[in-house]
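A.B. asks: Right, I'll just put the structure down here and ask away after.
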Amino acid sequence: MAHDTTVQTAGHDEHHHESPVVFGFWVYLMTDCIIFGTLFAVFAVLRNQFNGGPSGHELFEFSGLGLETALLLVSSITYGFGMIAAHKNEISKVIMWLGVTFLLGLGFVGLEVNEFAHMIHEGAGPDRSAFLSAFFTLVSTHGLHVTCGLIWIVTLMVQLMGTTEIPERMMNKLTCLSLFWHFLDIVWICVFTYVYLASMI
């Protein structure tokens, strides 16, 4: 009985110490909201400052944007499947879904880099106008976050390889990454709607 009580107490203490990790990550996401909110506000002020350069209506193409958006949104679904597998302690499926999520996210970043390269080649770089400076800053900041998320995914995949069960600490890591990945989806929807679609109309 004493041994059982000790085990239960230890488990309770472990949960008590680990749960603040997720809460702390929520706090971090709030600071990220401030960063993106500031960048959106800057873009709102400068969105019509073309300085004789091209506007969003002339630069953006819906087909490529639609594919980028689809890749990122589907990646959130696949990550959700990974979390379901994690709660069932199905490690091989977790790694598989993380891998699929990584490939989708990598495709998104690849398309975004290709878009930037094409715009710069056409003379529509961030130094062309205030509108383009705000655009590149906002969209590339989001892309940098996605890239960090991809590195995080690979790190967790490596940590999961060779394990037989998912401890509480690893579950917290997966949960934090889930919050981060879905947060980036929400930010992208705002970028897609306010930056791209509104500029194309």
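Ligands are numbered from 1 in the order shown, residues from 1 within each chain, and chains are lettered A, B, ... in the order they appear in the structure tokens.
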Please report, as a tab-separated table, each residue of stretch 138-158 of chain A lying at most 10 Å from stretch 108-124 of chain A, together with the nearest pair of atoms and the separation in Å rounded to one decimal; use only C-alpha atoms, and order rows by chain and ascending residue number.
C.D. replies:
residue	atom	partner	partner_atom	distance
A:Val139	CA	A:Glu112	CA	8.7
A:Ser140	CA	A:Glu112	CA	8.5
A:His142	CA	A:Val109	CA	9.8
A:Gly143	CA	A:Val109	CA	6.4
A:Leu144	CA	A:Val109	CA	8.7
A:Val146	CA	A:Val109	CA	7.4
A:Thr147	CA	A:Val109	CA	7.2
A:Leu150	CA	A:Val109	CA	9.7
A.B. asks: Write a file of the selected residues as a tab-separated table (two decimals), in the first residue's frame, keeping N, CA and C atoms.
C.D. replies:
chain	number	residue	atom	x	y	z
A	139	VAL	N	5.07	38.05	-44.39
A	139	VAL	CA	4.96	36.69	-44.91
A	139	VAL	C	6.21	35.87	-44.59
A	140	SER	N	7.39	36.49	-44.66
A	140	SER	CA	8.61	35.74	-44.36
A	140	SER	C	8.72	35.41	-42.87
A	142	HIS	N	6.16	34.62	-40.99
A	142	HIS	CA	5.34	33.41	-40.89
A	142	HIS	C	6.10	32.20	-41.44
A	143	GLY	N	6.75	32.38	-42.59
A	143	GLY	CA	7.50	31.28	-43.18
A	143	GLY	C	8.64	30.81	-42.29
A	144	LEU	N	9.28	31.76	-41.59
A	144	LEU	CA	10.35	31.39	-40.66
A	144	LEU	C	9.79	30.56	-39.51
A	146	VAL	N	7.18	28.59	-39.69
A	146	VAL	CA	6.90	27.26	-40.24
A	146	VAL	C	8.19	26.45	-40.34
A	147	THR	N	9.27	27.09	-40.76
A	147	THR	CA	10.56	26.41	-40.86
A	147	THR	C	11.02	25.91	-39.49
A	150	LEU	N	9.13	22.85	-38.70
A	150	LEU	CA	9.64	21.68	-39.41
A	150	LEU	C	10.85	21.08	-38.68
A.B. asks: Write out as a VMD selection string all residues of stretch 1-143 of chain A that DSSP puts in helix (DSSP H, G or I) for this structure's backbone.
C.D. replies: chain A and resid 2 to 46 56 to 59 62 to 87 91 to 121 130 to 143
A.B. asks: Which stretch 52-140 of chain A residues have any atom within 9 Å of an atom of stretch 179-190 of chain A, and for each, what is the nearest pair of atoms with distance in Å to one decimal, counting only C-alpha atoms, rows sorted by chain and number, as a Markdown table?
C.D. replies:
| residue | atom | partner | partner_atom | distance |
| --- | --- | --- | --- | --- |
| A:Thr69 | CA | A:Trp188 | CA | 7.7 |
| A:Leu72 | CA | A:Asp185 | CA | 6.6 |
| A:Leu73 | CA | A:Asp185 | CA | 6.4 |
| A:Ser75 | CA | A:Trp181 | CA | 8.7 |
| A:Ser76 | CA | A:His182 | CA | 6.2 |
| A:Tyr79 | CA | A:Trp181 | CA | 8.3 |
| A:Val139 | CA | A:Trp188 | CA | 8.6 |
A.B. asks: Please dump the current selection as an mmCIF file, in the first residue's frame; keep C-alpha atoms.
C.D. replies:
data_model
loop_
_atom_site.group_PDB
_atom_site.id
_atom_site.type_symbol
_atom_site.label_atom_id
_atom_site.label_comp_id
_atom_site.auth_asym_id
_atom_site.auth_seq_id
_atom_site.Cartn_x
_atom_site.Cartn_y
_atom_site.Cartn_z
ATOM 1 C CA THR A 69 -3.069 27.172 -48.285
ATOM 2 C CA LEU A 72 -0.754 23.999 -44.707
ATOM 3 C CA LEU A 73 -4.372 23.284 -43.782
ATOM 4 C CA SER A 75 -0.852 19.452 -42.564
ATOM 5 C CA SER A 76 -2.880 20.474 -39.519
ATOM 6 C CA TYR A 79 -0.798 16.432 -37.261
ATOM 7 C CA VAL A 139 4.959 36.689 -44.910
#
A.B. asks: I want to know what sits within 12 Å of A:Ala41, based on only C-alpha atoms, with residues of the same chain fewer than 4 positions away left out; could you give that as a PDB file with N, CA and C atoms, in the first residue's frame?
C.D. replies:
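Output below, filename result_9.pdb:
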ATOM      1  N   CYS A  33       1.393  36.381 -30.929  1.00  0.00           N
ATOM      2  CA  CYS A  33       0.217  37.119 -31.410  1.00  0.00           C
ATOM      3  C   CYS A  33       0.517  38.617 -31.478  1.00  0.00           C
ATOM      4  N   ILE A  34       1.240  39.118 -30.480  1.00  0.00           N
ATOM      5  CA  ILE A  34       1.604  40.534 -30.468  1.00  0.00           C
ATOM      6  C   ILE A  34       2.513  40.858 -31.649  1.00  0.00           C
ATOM      7  N   ILE A  35       3.485  39.961 -31.913  1.00  0.00           N
ATOM      8  CA  ILE A  35       4.407  40.179 -33.032  1.00  0.00           C
ATOM      9  C   ILE A  35       3.645  40.233 -34.351  1.00  0.00           C
ATOM     10  N   PHE A  36       2.804  39.234 -34.592  1.00  0.00           N
ATOM     11  CA  PHE A  36       2.062  39.199 -35.855  1.00  0.00           C
ATOM     12  C   PHE A  36       1.038  40.331 -35.922  1.00  0.00           C
ATOM     13  N   GLY A  37       0.439  40.667 -34.784  1.00  0.00           N
ATOM     14  CA  GLY A  37      -0.501  41.779 -34.774  1.00  0.00           C
ATOM     15  C   GLY A  37       0.172  43.076 -35.177  1.00  0.00           C
ATOM     16  N   VAL A  45      -1.026  49.936 -42.700  1.00  0.00           N
ATOM     17  CA  VAL A  45      -0.650  51.332 -42.936  1.00  0.00           C
ATOM     18  C   VAL A  45       0.025  51.495 -44.296  1.00  0.00           C
ATOM     19  N   LEU A  46       0.813  50.505 -44.699  1.00  0.00           N
ATOM     20  CA  LEU A  46       1.643  50.645 -45.902  1.00  0.00           C
ATOM     21  C   LEU A  46       1.086  49.925 -47.128  1.00  0.00           C
ATOM     22  N   ARG A  47      -0.073  49.348 -47.023  1.00  0.00           N
ATOM     23  CA  ARG A  47      -0.564  48.500 -48.104  1.00  0.00           C
ATOM     24  C   ARG A  47      -0.818  49.252 -49.408  1.00  0.00           C
ATOM     25  N   ALA A 134       6.624  45.726 -46.294  1.00  0.00           N
ATOM     26  CA  ALA A 134       5.697  45.202 -45.284  1.00  0.00           C
ATOM     27  C   ALA A 134       5.255  43.789 -45.634  1.00  0.00           C
ATOM     28  N   PHE A 135       5.023  43.549 -46.919  1.00  0.00           N
ATOM     29  CA  PHE A 135       4.597  42.218 -47.367  1.00  0.00           C
ATOM     30  C   PHE A 135       5.663  41.167 -47.080  1.00  0.00           C
ATOM     31  N   LEU A 138       6.114  40.487 -43.235  1.00  0.00           N
ATOM     32  CA  LEU A 138       5.028  39.718 -42.622  1.00  0.00           C
ATOM     33  C   LEU A 138       5.042  38.264 -43.075  1.00  0.00           C
ATOM     34  N   VAL A 191      -3.272  35.921 -43.147  1.00  0.00           N
ATOM     35  CA  VAL A 191      -2.395  36.427 -44.209  1.00  0.00           C
ATOM     36  C   VAL A 191      -3.062  36.233 -45.567  1.00  0.00           C
ATOM     37  N   TYR A 194      -6.290  38.709 -45.638  1.00  0.00           N
ATOM     38  CA  TYR A 194      -6.071  40.151 -45.550  1.00  0.00           C
ATOM     39  C   TYR A 194      -4.966  40.652 -46.477  1.00  0.00           C
ATOM     40  N   VAL A 195      -3.906  39.877 -46.609  1.00  0.00           N
ATOM     41  CA  VAL A 195      -2.770  40.328 -47.412  1.00  0.00           C
ATOM     42  C   VAL A 195      -2.974  39.995 -48.881  1.00  0.00           C
TER      43      VAL A 195
END
A.B. asks: Just the number, please: distance in Å from atom CA of A:Asp32 to atom CA of A:His57, one decimal.
C.D. replies: 28.6 Å
A.B. asks: As an exercise, work out the distance from atom CA of A:Glu168 to atom CA of A:His145 in Å and give it to one decimal place.
C.D. replies: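 We find that atom CA of A:Glu168 and atom CA of A:His145 lie 25.4 Å from each other.
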A.B. asks: Would you mind telling me which residue in A:Ser55, A:Phe50, A:Thr141, A:Tyr28 lies nearest to A:Ala198 when using only C-alpha atoms?
C.D. replies: A:Ser55
A.B. asks: Give me, as a VMD selection string, all polymer residues having an atom no more than 9 Å from A:Phe62, counting only C-alpha atoms and skipping those fewer than 3 positions away in the same chain.
C.D. replies: chain A and resid 65 to 67 196 to 197 200
A.B. asks: Could you write out that same residue set with all heavy atoms as a JSON list (two decimals), in the first residue's frame?
C.D. replies:
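Everything below was put into result-v5.json:
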[["chain", "number", "residue", "atom", "x", "y", "z"],
["A", 65, "LEU", "N", -1.40, 30.39, -54.51],
["A", 65, "LEU", "CA", -1.81, 30.65, -53.13],
["A", 65, "LEU", "C", -2.75, 29.58, -52.62],
["A", 65, "LEU", "O", -2.69, 29.17, -51.46],
["A", 65, "LEU", "CB", -2.49, 32.02, -53.04],
["A", 65, "LEU", "CG", -1.60, 33.24, -53.32],
["A", 65, "LEU", "CD1", -2.44, 34.50, -53.40],
["A", 65, "LEU", "CD2", -0.53, 33.36, -52.25],
["A", 66, "GLY", "N", -3.64, 29.13, -53.50],
["A", 66, "GLY", "CA", -4.57, 28.07, -53.11],
["A", 66, "GLY", "C", -3.85, 26.79, -52.75],
["A", 66, "GLY", "O", -4.20, 26.11, -51.78],
["A", 67, "LEU", "N", -2.80, 26.46, -53.52],
["A", 67, "LEU", "CA", -2.03, 25.25, -53.23],
["A", 67, "LEU", "C", -1.27, 25.38, -51.92],
["A", 67, "LEU", "O", -1.24, 24.45, -51.11],
["A", 67, "LEU", "CB", -1.06, 24.98, -54.38],
["A", 67, "LEU", "CG", -0.19, 23.72, -54.26],
["A", 67, "LEU", "CD1", -1.06, 22.48, -54.07],
["A", 67, "LEU", "CD2", 0.72, 23.57, -55.47],
["A", 196, "TYR", "N", -3.31, 38.74, -49.16],
["A", 196, "TYR", "CA", -3.40, 38.32, -50.56],
["A", 196, "TYR", "C", -4.76, 38.64, -51.19],
["A", 196, "TYR", "O", -4.83, 39.38, -52.18],
["A", 196, "TYR", "CB", -3.12, 36.82, -50.66],
["A", 196, "TYR", "CG", -1.67, 36.46, -50.51],
["A", 196, "TYR", "CD1", -1.19, 35.94, -49.30],
["A", 196, "TYR", "CD2", -0.77, 36.62, -51.55],
["A", 196, "TYR", "CE1", 0.16, 35.59, -49.16],
["A", 196, "TYR", "CE2", 0.57, 36.28, -51.41],
["A", 196, "TYR", "CZ", 1.02, 35.76, -50.22],
["A", 196, "TYR", "OH", 2.34, 35.43, -50.08],
["A", 197, "LEU", "N", -5.83, 38.08, -50.63],
["A", 197, "LEU", "CA", -7.14, 38.26, -51.26],
["A", 197, "LEU", "C", -7.56, 39.73, -51.30],
["A", 197, "LEU", "O", -8.05, 40.22, -52.34],
["A", 197, "LEU", "CB", -8.19, 37.44, -50.51],
["A", 197, "LEU", "CG", -8.14, 35.91, -50.70],
["A", 197, "LEU", "CD1", -9.33, 35.27, -50.00],
["A", 197, "LEU", "CD2", -8.13, 35.54, -52.18],
["A", 200, "MET", "N", -5.81, 41.50, -53.98],
["A", 200, "MET", "CA", -6.15, 41.09, -55.34],
["A", 200, "MET", "C", -7.50, 41.65, -55.79],
["A", 200, "MET", "O", -7.77, 41.73, -56.98],
["A", 200, "MET", "CB", -6.16, 39.57, -55.43],
["A", 200, "MET", "CG", -4.79, 38.94, -55.26],
["A", 200, "MET", "SD", -4.85, 37.15, -55.00],
["A", 200, "MET", "CE", -5.52, 36.61, -56.57]]
A.B. asks: Set the distance at 9 Å and use only C-alpha atoms: which residues neighbour stretch 90-106 of chain A once local chain neighbours fewer than 2 positions away are removed? I'd like the list as a PyMOL selection string.
C.D. replies: chain A and resi 71-72+74-88+108-111+146-147+149-151+153-154+156-158+160-161+163-166
A.B. asks: For atom CA of A:Asn89 and atom CA of A:Ala70, determine how far apart the two atoms are, in Å to one decimal place.
C.D. replies: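 These two atoms are separated by 28.6 Å.
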A.B. asks: Which neighbours of A:Gly56 fall inside 6 Å, counting only C-alpha atoms, when residues of the same chain fewer than 2 positions from it are skipped, and could you give them as a list in words?
C.D. replies: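 My reading of the contact set: Glu58, Leu59, Phe60, Ser199 and Met200 of chain A.
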A.B. asks: Which residue, A:Phe131, A:Gly107, A:Val21, A:Leu29, has the smallest gap to A:Asn48 when you use only C-alpha atoms?
C.D. replies: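 The closest residue to A:Asn48 is A:Phe131.
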